[in-house]
file input.txt (compact mmCIF, C-alpha atoms)
# COMPACT_ATOMS: atom_id res chain seq x y z
CA MET L 1 -153.42 64.59 -94.80
CA ALA L 2 -150.58 62.48 -93.31
CA ALA L 3 -151.28 60.54 -90.13
CA PRO L 4 -149.94 62.25 -86.99
CA LEU L 5 -146.68 60.97 -85.51
CA LYS L 6 -147.24 58.63 -82.57
CA LEU L 7 -145.41 60.12 -79.59
CA ILE L 8 -146.60 57.66 -76.91
CA LEU L 9 -143.82 55.55 -75.33
CA THR L 10 -144.51 52.48 -73.22
CA ARG L 11 -143.60 52.46 -69.55
CA ASP L 12 -140.79 49.98 -70.27
CA GLN L 13 -139.34 52.28 -72.93
CA ILE L 14 -139.39 55.23 -70.55
CA ALA L 15 -137.81 53.09 -67.81
CA ALA L 16 -134.85 52.54 -70.11
CA PHE L 17 -133.62 56.05 -69.30
CA ALA L 18 -135.65 56.97 -66.15
CA SER L 19 -135.78 54.64 -63.15
CA ASP L 20 -137.67 56.77 -60.64
CA PRO L 21 -141.46 55.88 -60.63
CA ARG L 22 -142.49 59.52 -60.27
CA THR L 23 -140.35 60.48 -63.24
CA ILE L 24 -141.83 57.67 -65.35
CA LYS L 25 -145.36 58.91 -64.57
CA GLN L 26 -144.41 62.48 -65.50
CA PHE L 27 -143.00 61.34 -68.83
CA GLU L 28 -146.21 59.37 -69.49
CA SER L 29 -148.26 62.50 -68.84
CA LEU L 30 -145.94 64.52 -71.05
CA PHE L 31 -146.29 62.22 -74.07
CA ALA L 32 -150.04 61.77 -73.61
CA LEU L 33 -150.56 65.53 -73.53
CA ALA L 34 -148.43 66.12 -76.63
CA GLN L 35 -150.13 63.33 -78.55
CA GLY L 36 -153.63 64.57 -77.72
CA VAL L 37 -152.91 68.11 -78.87
CA GLN L 38 -151.21 66.95 -82.06
CA GLU L 39 -154.12 64.67 -83.02
CA SER L 40 -156.64 67.43 -82.45
CA ASP L 41 -154.66 69.72 -84.74
CA ALA L 42 -154.05 67.04 -87.40
CA THR L 43 -157.70 66.11 -87.78
CA GLY L 44 -158.72 69.68 -88.45
CA VAL L 45 -160.78 70.05 -85.26
CA ALA L 46 -161.15 73.70 -84.30
CA ILE L 47 -159.23 74.34 -81.07
CA ASP L 48 -160.20 77.13 -78.74
CA ALA L 49 -157.21 79.46 -78.50
CA GLY L 50 -157.38 79.73 -74.71
CA ALA L 51 -157.63 75.97 -74.21
CA ALA L 52 -154.73 75.32 -76.59
CA LEU L 53 -152.56 77.88 -74.83
CA ALA L 54 -153.40 76.28 -71.50
CA GLY L 55 -152.27 72.94 -72.93
CA VAL L 56 -148.95 74.40 -74.04
CA ASN L 57 -148.39 75.94 -70.62
CA SER L 58 -149.26 72.66 -68.91
CA LEU L 59 -146.73 70.84 -71.08
CA ALA L 60 -144.09 73.42 -70.22
CA GLY L 61 -144.81 72.84 -66.53
CA VAL L 62 -144.34 69.10 -66.89
CA VAL L 63 -141.01 69.62 -68.66
CA ALA L 64 -139.86 72.01 -65.94
CA GLN L 65 -140.82 69.53 -63.22
CA LEU L 66 -138.88 66.82 -65.00
CA ALA L 67 -135.83 69.02 -65.06
CA GLN L 68 -136.04 69.46 -61.30
CA ASP L 69 -136.99 65.94 -60.21
CA ALA L 70 -135.67 63.44 -62.77
CA ALA L 71 -132.37 61.87 -61.80
CA VAL L 72 -131.54 60.96 -65.42
CA ASP L 73 -128.89 61.87 -67.91
CA ALA L 74 -129.50 65.50 -68.95
CA GLN L 75 -129.03 64.86 -72.68
CA THR L 76 -131.44 61.91 -72.63
CA ALA L 77 -134.12 63.91 -70.84
CA LEU L 78 -133.65 66.83 -73.21
CA SER L 79 -134.04 64.58 -76.26
CA ALA L 80 -137.25 63.09 -74.89
CA ALA L 81 -138.69 66.50 -74.10
CA GLN L 82 -137.79 67.80 -77.55
CA ALA L 83 -139.52 64.85 -79.20
CA ALA L 84 -142.68 65.50 -77.24
CA THR L 85 -142.76 69.27 -77.71
CA SER L 86 -141.90 69.33 -81.43
CA ALA L 87 -145.55 68.57 -82.24
CA LEU L 88 -146.58 71.75 -80.41
CA VAL L 89 -144.33 74.26 -82.15
CA GLY L 90 -146.70 74.96 -85.03
CA LEU L 91 -149.69 74.91 -82.68
CA SER L 92 -148.08 77.49 -80.41
CA ASP L 93 -147.59 79.83 -83.35
CA ALA L 94 -151.19 79.33 -84.43
CA VAL L 95 -152.44 80.03 -80.92
CA ALA L 96 -150.42 83.24 -80.75
CA GLY L 97 -151.91 84.31 -84.08
CA LEU L 98 -155.43 83.61 -82.85
CA LEU L 99 -154.89 85.66 -79.73
CA LEU L 100 -153.48 88.63 -81.65
CA ALA L 101 -155.99 88.61 -84.54
CA PRO L 102 -159.04 90.87 -84.21
CA PRO L 103 -162.20 88.89 -83.48
CA THR L 104 -164.64 88.29 -86.32
CA SER L 105 -167.84 90.13 -85.62
CA SER L 106 -170.98 88.11 -86.34
CA ALA L 107 -172.80 91.44 -86.60
CA SER L 108 -170.55 92.55 -89.46
CA VAL L 109 -171.15 89.26 -91.29
CA ASP L 110 -174.90 89.65 -90.87
CA ALA L 111 -174.65 93.26 -92.03
CA VAL L 112 -173.40 92.09 -95.42
CA ARG L 113 -175.53 88.98 -95.67
CA TYR L 114 -178.88 90.56 -94.86
CA ARG L 115 -179.12 93.84 -96.79
CA TYR L 116 -182.54 94.10 -98.40
CA GLY L 117 -185.46 96.34 -99.24
CA ALA L 118 -189.02 96.04 -100.52
CA PHE L 119 -190.75 99.08 -102.02
CA SER L 120 -193.88 99.93 -103.97
CA ASP L 121 -195.81 102.85 -105.44
CA THR L 122 -199.54 103.47 -105.11
CA THR L 123 -199.83 106.15 -107.81
CA THR L 124 -200.16 105.90 -111.57
CA GLN L 125 -196.92 107.00 -113.24
CA THR L 126 -197.04 108.78 -116.61
CA ALA L 127 -194.55 110.12 -119.14
CA ALA L 128 -194.98 113.81 -120.01
CA VAL L 129 -192.82 113.55 -123.16
CA ILE L 130 -192.17 110.66 -125.54
CA ASN L 131 -188.70 109.20 -126.03
CA THR L 132 -187.55 110.64 -122.71
CA ALA L 133 -186.07 108.70 -119.78
CA TYR L 134 -188.01 108.62 -116.50
CA GLY L 135 -187.20 106.78 -113.29
CA MET L 136 -189.86 104.57 -111.74
CA THR L 137 -190.73 106.04 -108.34
CA TYR L 138 -191.69 104.55 -104.96
CA ASN L 139 -193.83 106.07 -102.22
CA SER L 140 -194.00 103.09 -99.85
CA THR L 141 -191.27 101.21 -98.00
CA ASP L 142 -192.46 97.78 -96.93
CA LEU L 143 -189.15 96.38 -95.63
CA SER L 144 -185.70 97.90 -95.40
CA ARG L 145 -182.29 97.02 -94.01
CA GLY L 146 -179.44 98.98 -95.56
CA VAL L 147 -181.43 99.64 -98.76
CA TYR L 148 -183.55 102.77 -98.90
CA VAL L 149 -185.34 105.23 -101.20
CA GLY L 150 -183.62 108.60 -101.59
CA ALA L 151 -184.40 111.88 -103.34
CA PRO L 152 -185.76 111.92 -105.93
CA THR L 153 -187.82 108.87 -105.04
CA SER L 154 -186.69 107.00 -108.15
CA ARG L 155 -183.25 106.55 -106.55
CA VAL L 156 -182.67 103.50 -104.37
CA TYR L 157 -179.48 103.60 -102.28
CA VAL L 158 -177.45 100.84 -100.64
CA ASP L 159 -175.14 101.25 -97.64
CA THR L 160 -172.95 98.16 -98.14
CA ALA L 161 -170.71 96.97 -100.97
CA ALA L 162 -172.09 93.74 -102.44
CA VAL L 163 -173.68 92.15 -105.49
CA TYR L 164 -177.41 92.95 -105.38
CA ASN L 165 -180.37 91.20 -106.97
CA ILE L 166 -182.77 93.91 -108.17
CA GLN L 167 -186.25 92.59 -109.00
CA PHE L 168 -189.25 94.60 -110.12
CA SER L 169 -192.70 94.32 -111.63
CA ALA L 170 -194.64 97.17 -113.27
CA GLN L 171 -198.35 97.21 -114.19
CA ILE L 172 -198.35 98.63 -117.75
CA ASP L 173 -201.47 100.04 -119.45
CA LYS L 174 -202.27 101.95 -122.64
CA THR L 175 -205.26 104.27 -122.58
CA SER L 176 -205.87 104.54 -126.36
CA ALA L 177 -205.00 103.05 -129.72
CA PRO L 178 -202.81 102.42 -131.67
CA VAL L 179 -199.90 100.11 -130.73
CA GLY L 180 -197.12 101.68 -128.60
CA LEU L 181 -193.62 100.82 -127.43
CA LEU L 182 -192.18 100.88 -123.91
CA TRP L 183 -188.50 100.51 -122.94
CA ILE L 184 -187.15 99.64 -119.49
CA TRP L 185 -183.50 99.54 -118.36
CA LEU L 186 -181.17 99.87 -115.36
CA ARG L 187 -179.21 103.00 -114.44
CA VAL L 188 -176.53 103.11 -111.70
CA ASN L 189 -175.28 106.40 -110.26
CA GLY L 190 -176.84 108.27 -113.15
CA VAL L 191 -175.21 106.11 -115.85
CA ASN L 192 -177.13 103.67 -118.04
CA VAL L 193 -176.01 100.06 -117.62
CA ALA L 194 -174.94 98.66 -120.98
CA ASN L 195 -177.17 95.96 -122.50
CA SER L 196 -179.77 96.25 -119.74
CA ALA L 197 -182.76 97.53 -121.81
CA SER L 198 -185.84 95.62 -122.92
CA GLN L 199 -188.64 96.62 -125.30
CA ILE L 200 -192.35 95.87 -124.85
CA ARG L 201 -195.03 96.36 -127.51
CA ILE L 202 -198.41 97.41 -126.08
CA GLN L 203 -201.34 96.31 -128.23
CA GLY L 204 -203.74 99.28 -128.23
CA ASN L 205 -206.39 100.53 -125.81
CA ASN L 206 -206.68 98.89 -122.35
CA ALA L 207 -204.00 96.35 -123.16
CA GLU L 208 -202.65 95.74 -119.67
CA THR L 209 -199.46 93.77 -119.29
CA ILE L 210 -196.87 93.14 -116.57
CA ALA L 211 -193.22 93.97 -117.06
CA ALA L 212 -191.20 91.92 -114.56
CA TRP L 213 -187.58 90.79 -114.49
CA ASN L 214 -184.41 91.28 -112.48
CA PHE L 215 -180.87 92.62 -112.70
CA PHE L 216 -177.66 91.73 -110.88
CA ALA L 217 -175.54 94.77 -109.99
CA GLN L 218 -172.20 95.18 -108.19
CA LEU L 219 -172.72 98.22 -105.96
CA ALA L 220 -170.53 100.05 -103.47
CA GLY L 221 -171.75 101.57 -100.22
CA GLY L 222 -173.49 104.86 -101.05
CA ASP L 223 -174.30 103.90 -104.65
CA TYR L 224 -177.82 104.22 -106.01
CA PHE L 225 -179.71 102.70 -108.91
CA GLU L 226 -182.87 103.51 -110.85
CA ILE L 227 -185.25 101.49 -112.99
CA MET L 228 -185.69 103.72 -116.03
CA TRP L 229 -188.49 103.74 -118.60
CA ALA L 230 -189.42 105.58 -121.80
CA VAL L 231 -192.31 105.37 -124.28
CA ASP L 232 -193.12 106.39 -127.85
CA SER L 233 -196.65 107.43 -126.79
CA THR L 234 -197.79 109.35 -123.71
CA THR L 235 -200.89 107.12 -123.58
CA ILE L 236 -198.70 104.38 -122.12
CA GLN L 237 -198.58 104.53 -118.32
CA ILE L 238 -197.60 102.51 -115.26
CA GLN L 239 -200.97 102.05 -113.65
CA ALA L 240 -202.07 101.76 -110.01
CA LEU L 241 -205.52 100.43 -109.10
CA GLY L 242 -207.41 100.61 -105.82
CA ALA L 243 -208.57 97.56 -103.91
CA ALA L 244 -211.81 95.98 -105.18
CA ALA L 245 -213.05 92.97 -103.24
CA PRO L 246 -211.89 90.28 -103.22
CA VAL L 247 -208.63 91.72 -104.71
CA PRO L 248 -206.22 93.99 -102.80
CA ALA L 249 -204.85 97.17 -104.36
CA VAL L 250 -202.57 96.95 -107.42
CA PRO L 251 -199.44 99.10 -107.03
CA SER L 252 -197.96 100.60 -110.17
CA VAL L 253 -194.50 99.25 -109.28
CA LEU L 254 -193.17 96.58 -106.91
CA LEU L 255 -189.43 96.50 -106.20
CA THR L 256 -187.41 94.08 -104.07
CA VAL L 257 -183.65 94.27 -103.55
CA ASN L 258 -181.32 91.89 -101.70
CA THR L 259 -177.64 91.03 -101.44
CA ILE L 260 -176.43 87.81 -102.97
CA SER L 261 -172.69 88.10 -102.18
CA ARG L 262 -170.06 90.41 -100.83
call {"tool": "encode", "arguments": {"input": "input.txt", "output": "C-alpha cells"}}
result
Amino acid sequence: MAAPLKLILTRDQIAAFASDPRTIKQFESLFALAQGVQESDATGVAIDAGAALAGVNSLAGVVAQLAQDAAVDAQTALSAAQAATSALVGLSDAVAGLLLAPPTSSASVDAVRYRYGAFSDTTTQTAAVINTAYGMTYNSTDLSRGVYVGAPTSRVYVDTAAVYNIQFSAQIDKTSAPVGLLWIWLRVNGVNVANSASQIRIQGNNAETIAAWNFFAQLAGGDYFEIMWAVDSTTIQIQALGAAAPVPAVPSVLLTVNTISR
C-alpha cells in the first residue's frame, strides 16, 4: 500500500498566504485533522462510522470558519482547503455506505456457525428382509441446535444451509453362522448419495464389530439425511446393550452432526 500523502504545512508555509495568527492556527488544525483521518484510513484501521462522520463535519466547520475569518486571497484559501479535504472524499463515501448498510447480526453468524446435533438409539435394530434398505433410527437426542430427528426417526433434518459433517458409529453383531455382509451408505432427501456405500464382512456368530466413519454433505435448510443399511442375512443386527458395571450402556447407534462452513 502506498504511503499516505503528507498534508501538514509548517507555520511559516501557512504564513506565506495567511498573516492573521488566528487564521494560521485554524489552518494548522485543518491540516492536522485531515492528516490524522487519512493515516487511519491508509493503514487499514477500522474506523467507527459515527466517529469518522464527526471528523468530516468538524473539518467542514473549520473550513467554514476560515471562509468567514481569514483575510486572505479567496483563491489561495480555496486551494489550501481543497488540498486538505481531498484526502477525505473517499472516506466520506465509505462512511455514508457504512451508515446505509444493514448491520451485521452476530446472532445470524452464530446461527450458521453453531448448528449441531448429537443423537443415539437404545434399542437393537434388525432387518426384516435381506437386501433391503433400512434407515438407522434414533430415540434419544443428547444435544441439538438447528439439527433434529424427524418422522420417521431415521430422518435427521437441518434448518440452515451449510456443509455438514455427519459422523456415526454402529455396534454390529451377528447372531449365528455363517459369514454375512452388511452395507452402509448416505441418503439425502430420499436419494442415495453416489459413491457413499461401504461393505463390511461379519465373521460368523457373535462377531461384534464397530462401523464408524463420516460424510460431508451440502444441505439446504429443511433438507434431511439418513444413514442407510442393508444385509444379506437377517442374523446381522445393530445391537444395543444395557449398562453392566463398570461399563455404561452401549447404544446401537451414535450420531453427531455439525456445520463446517456456510
call {"tool": "residues_around", "arguments": {"input": "input.txt", "residues": "Ser120 of chain L", "least_positions_apart": "3", "cutoff": "6 Å", "atoms": "only C-alpha atoms", "output": "PDB file with C-alpha atoms, keeping the file's coordinate frame"}}
result
ATOM      1  CA  TYR L 138    -191.690 104.550-104.960  1.00  0.00           C
ATOM      2  CA  SER L 140    -194.000 103.090 -99.850  1.00  0.00           C
ATOM      3  CA  VAL L 253    -194.500  99.250-109.280  1.00  0.00           C
ATOM      4  CA  LEU L 254    -193.170  96.580-106.910  1.00  0.00           C
TER       5      LEU L 254
END
call {"tool": "atom_distance", "arguments": {"input": "input.txt", "atom1": "atom CA of Gly190 of chain L", "atom2": "atom CA of Ile227 of chain L"}}
result
10.8 Å
call {"tool": "residues_around", "arguments": {"input": "input.txt", "residues": "segment 229-233 of chain L", "least_positions_apart": "5", "cutoff": "12 Å", "atoms": "all atoms listed in the file", "output": "PyMOL selection string"}}
result
chain L and resi 125-137+154+170+172-187+192+196-202+204-205+211+238+253
call {"tool": "write_last_selection", "arguments": {"input": "input.txt", "atoms": "C-alpha atoms", "output": "compact mmCIF listing (two decimals), in the frame of the given file"}}
result
# COMPACT_ATOMS: atom_id res chain seq x y z
CA GLN L 125 -196.92 107.00 -113.24
CA THR L 126 -197.04 108.78 -116.61
CA ALA L 127 -194.55 110.12 -119.14
CA ALA L 128 -194.98 113.81 -120.01
CA VAL L 129 -192.82 113.55 -123.16
CA ILE L 130 -192.17 110.66 -125.54
CA ASN L 131 -188.70 109.20 -126.03
CA THR L 132 -187.55 110.64 -122.71
CA ALA L 133 -186.07 108.70 -119.78
CA TYR L 134 -188.01 108.62 -116.50
CA GLY L 135 -187.20 106.78 -113.29
CA MET L 136 -189.86 104.57 -111.74
CA THR L 137 -190.73 106.04 -108.34
CA SER L 154 -186.69 107.00 -108.15
CA ALA L 170 -194.64 97.17 -113.27
CA ILE L 172 -198.35 98.63 -117.75
CA ASP L 173 -201.47 100.04 -119.45
CA LYS L 174 -202.27 101.95 -122.64
CA THR L 175 -205.26 104.27 -122.58
CA SER L 176 -205.87 104.54 -126.36
CA ALA L 177 -205.00 103.05 -129.72
CA PRO L 178 -202.81 102.42 -131.67
CA VAL L 179 -199.90 100.11 -130.73
CA GLY L 180 -197.12 101.68 -128.60
CA LEU L 181 -193.62 100.82 -127.43
CA LEU L 182 -192.18 100.88 -123.91
CA TRP L 183 -188.50 100.51 -122.94
CA ILE L 184 -187.15 99.64 -119.49
CA TRP L 185 -183.50 99.54 -118.36
CA LEU L 186 -181.17 99.87 -115.36
CA ARG L 187 -179.21 103.00 -114.44
CA ASN L 192 -177.13 103.67 -118.04
CA SER L 196 -179.77 96.25 -119.74
CA ALA L 197 -182.76 97.53 -121.81
CA SER L 198 -185.84 95.62 -122.92
CA GLN L 199 -188.64 96.62 -125.30
CA ILE L 200 -192.35 95.87 -124.85
CA ARG L 201 -195.03 96.36 -127.51
CA ILE L 202 -198.41 97.41 -126.08
CA GLY L 204 -203.74 99.28 -128.23
CA ASN L 205 -206.39 100.53 -125.81
CA ALA L 211 -193.22 93.97 -117.06
CA ILE L 238 -197.60 102.51 -115.26
CA VAL L 253 -194.50 99.25 -109.28
call {"tool": "axis_aligned_box", "arguments": {"input": "input.txt", "around": "segment 20-29 of chain L", "padding_each_side": "3 Å", "output": "AutoDock Vina command-line options"}}
result
--center_x -143.0 --center_y 59.2 --center_z -64.9 --size_x 16.6 --size_y 12.6 --size_z 15.2
call {"tool": "residues_near_point", "arguments": {"input": "input.txt", "point": "(-199.4, 101.9, -110.6)", "cutoff": "7 Å", "atoms": "all atoms listed in the file", "output": "list in words"}}
result
Asp121, Thr122, Thr123, Thr124, Gln125, Gln171, Ile238, Gln239, Ala240, Leu241, Val250, Pro251, Ser252 and Val253 of chain L
call {"tool": "atom_distance", "arguments": {"input": "input.txt", "atom1": "atom CA of Val147 of chain L", "atom2": "atom CA of Asn258 of chain L"}}
result
8.3 Å
call {"tool": "residues_around", "arguments": {"input": "input.txt", "residues": "Phe216 of chain L", "least_positions_apart": "6", "cutoff": "10 Å", "atoms": "all atoms listed in the file", "output": "ChimeraX atom specification"}}
result
/L:163-167,186,257-260
call {"tool": "write_last_selection", "arguments": {"input": "input.txt", "atoms": "C-alpha atoms", "output": "CSV table (one decimal), in the frame of the given file"}}
result
chain,number,residue,atom,x,y,z
L,163,VAL,CA,-173.7,92.2,-105.5
L,164,TYR,CA,-177.4,93.0,-105.4
L,165,ASN,CA,-180.4,91.2,-107.0
L,166,ILE,CA,-182.8,93.9,-108.2
L,167,GLN,CA,-186.2,92.6,-109.0
L,186,LEU,CA,-181.2,99.9,-115.4
L,257,VAL,CA,-183.6,94.3,-103.6
L,258,ASN,CA,-181.3,91.9,-101.7
L,259,THR,CA,-177.6,91.0,-101.4
L,260,ILE,CA,-176.4,87.8,-103.0
call {"tool": "atom_distance", "arguments": {"input": "input.txt", "atom1": "atom CA of Pro248 of chain L", "atom2": "atom CA of Ala118 of chain L"}}
result
17.5 Å
call {"tool": "closest_residue", "arguments": {"input": "input.txt", "among": "L:Val247, L:Leu255, L:Ser261, L:Asn195", "to": "Gln218 of chain L", "atoms": "all atoms listed in the file"}}
result
L:Ser261
call {"tool": "residues_around", "arguments": {"input": "input.txt", "residues": "Asp159 of chain L", "least_positions_apart": "6", "cutoff": "8 Å", "atoms": "all atoms listed in the file", "output": "VMD selection string"}}
result
chain L and resid 146 to 147 220 to 223
call {"tool": "write_last_selection", "arguments": {"input": "input.txt", "atoms": "C-alpha atoms", "output": "PDB file, in the frame of the given file"}}
result
ATOM      1  CA  GLY L 146    -179.440  98.980 -95.560  1.00  0.00           C
ATOM      2  CA  VAL L 147    -181.430  99.640 -98.760  1.00  0.00           C
ATOM      3  CA  ALA L 220    -170.530 100.050-103.470  1.00  0.00           C
ATOM      4  CA  GLY L 221    -171.750 101.570-100.220  1.00  0.00           C
ATOM      5  CA  GLY L 222    -173.490 104.860-101.050  1.00  0.00           C
ATOM      6  CA  ASP L 223    -174.300 103.900-104.650  1.00  0.00           C
TER       7      ASP L 223
END
call {"tool": "closest_residue", "arguments": {"input": "input.txt", "among": "L:Gln26, L:Asn189, L:Asn139, L:Thr256", "to": "Leu219 of chain L", "atoms": "all atoms listed in the file"}}
result
L:Asn189
call {"tool": "closest_residue", "arguments": {"input": "input.txt", "among": "L:Ala217, L:Ala212, L:Ala244, L:Ala207", "to": "Ala194 of chain L", "atoms": "all atoms listed in the file"}}
result
L:Ala217
call {"tool": "residues_around", "arguments": {"input": "input.txt", "residues": "Leu143 of chain L", "least_positions_apart": "6", "cutoff": "8 Å", "atoms": "all atoms listed in the file", "output": "ChimeraX atom specification"}}
result
/L:116-119
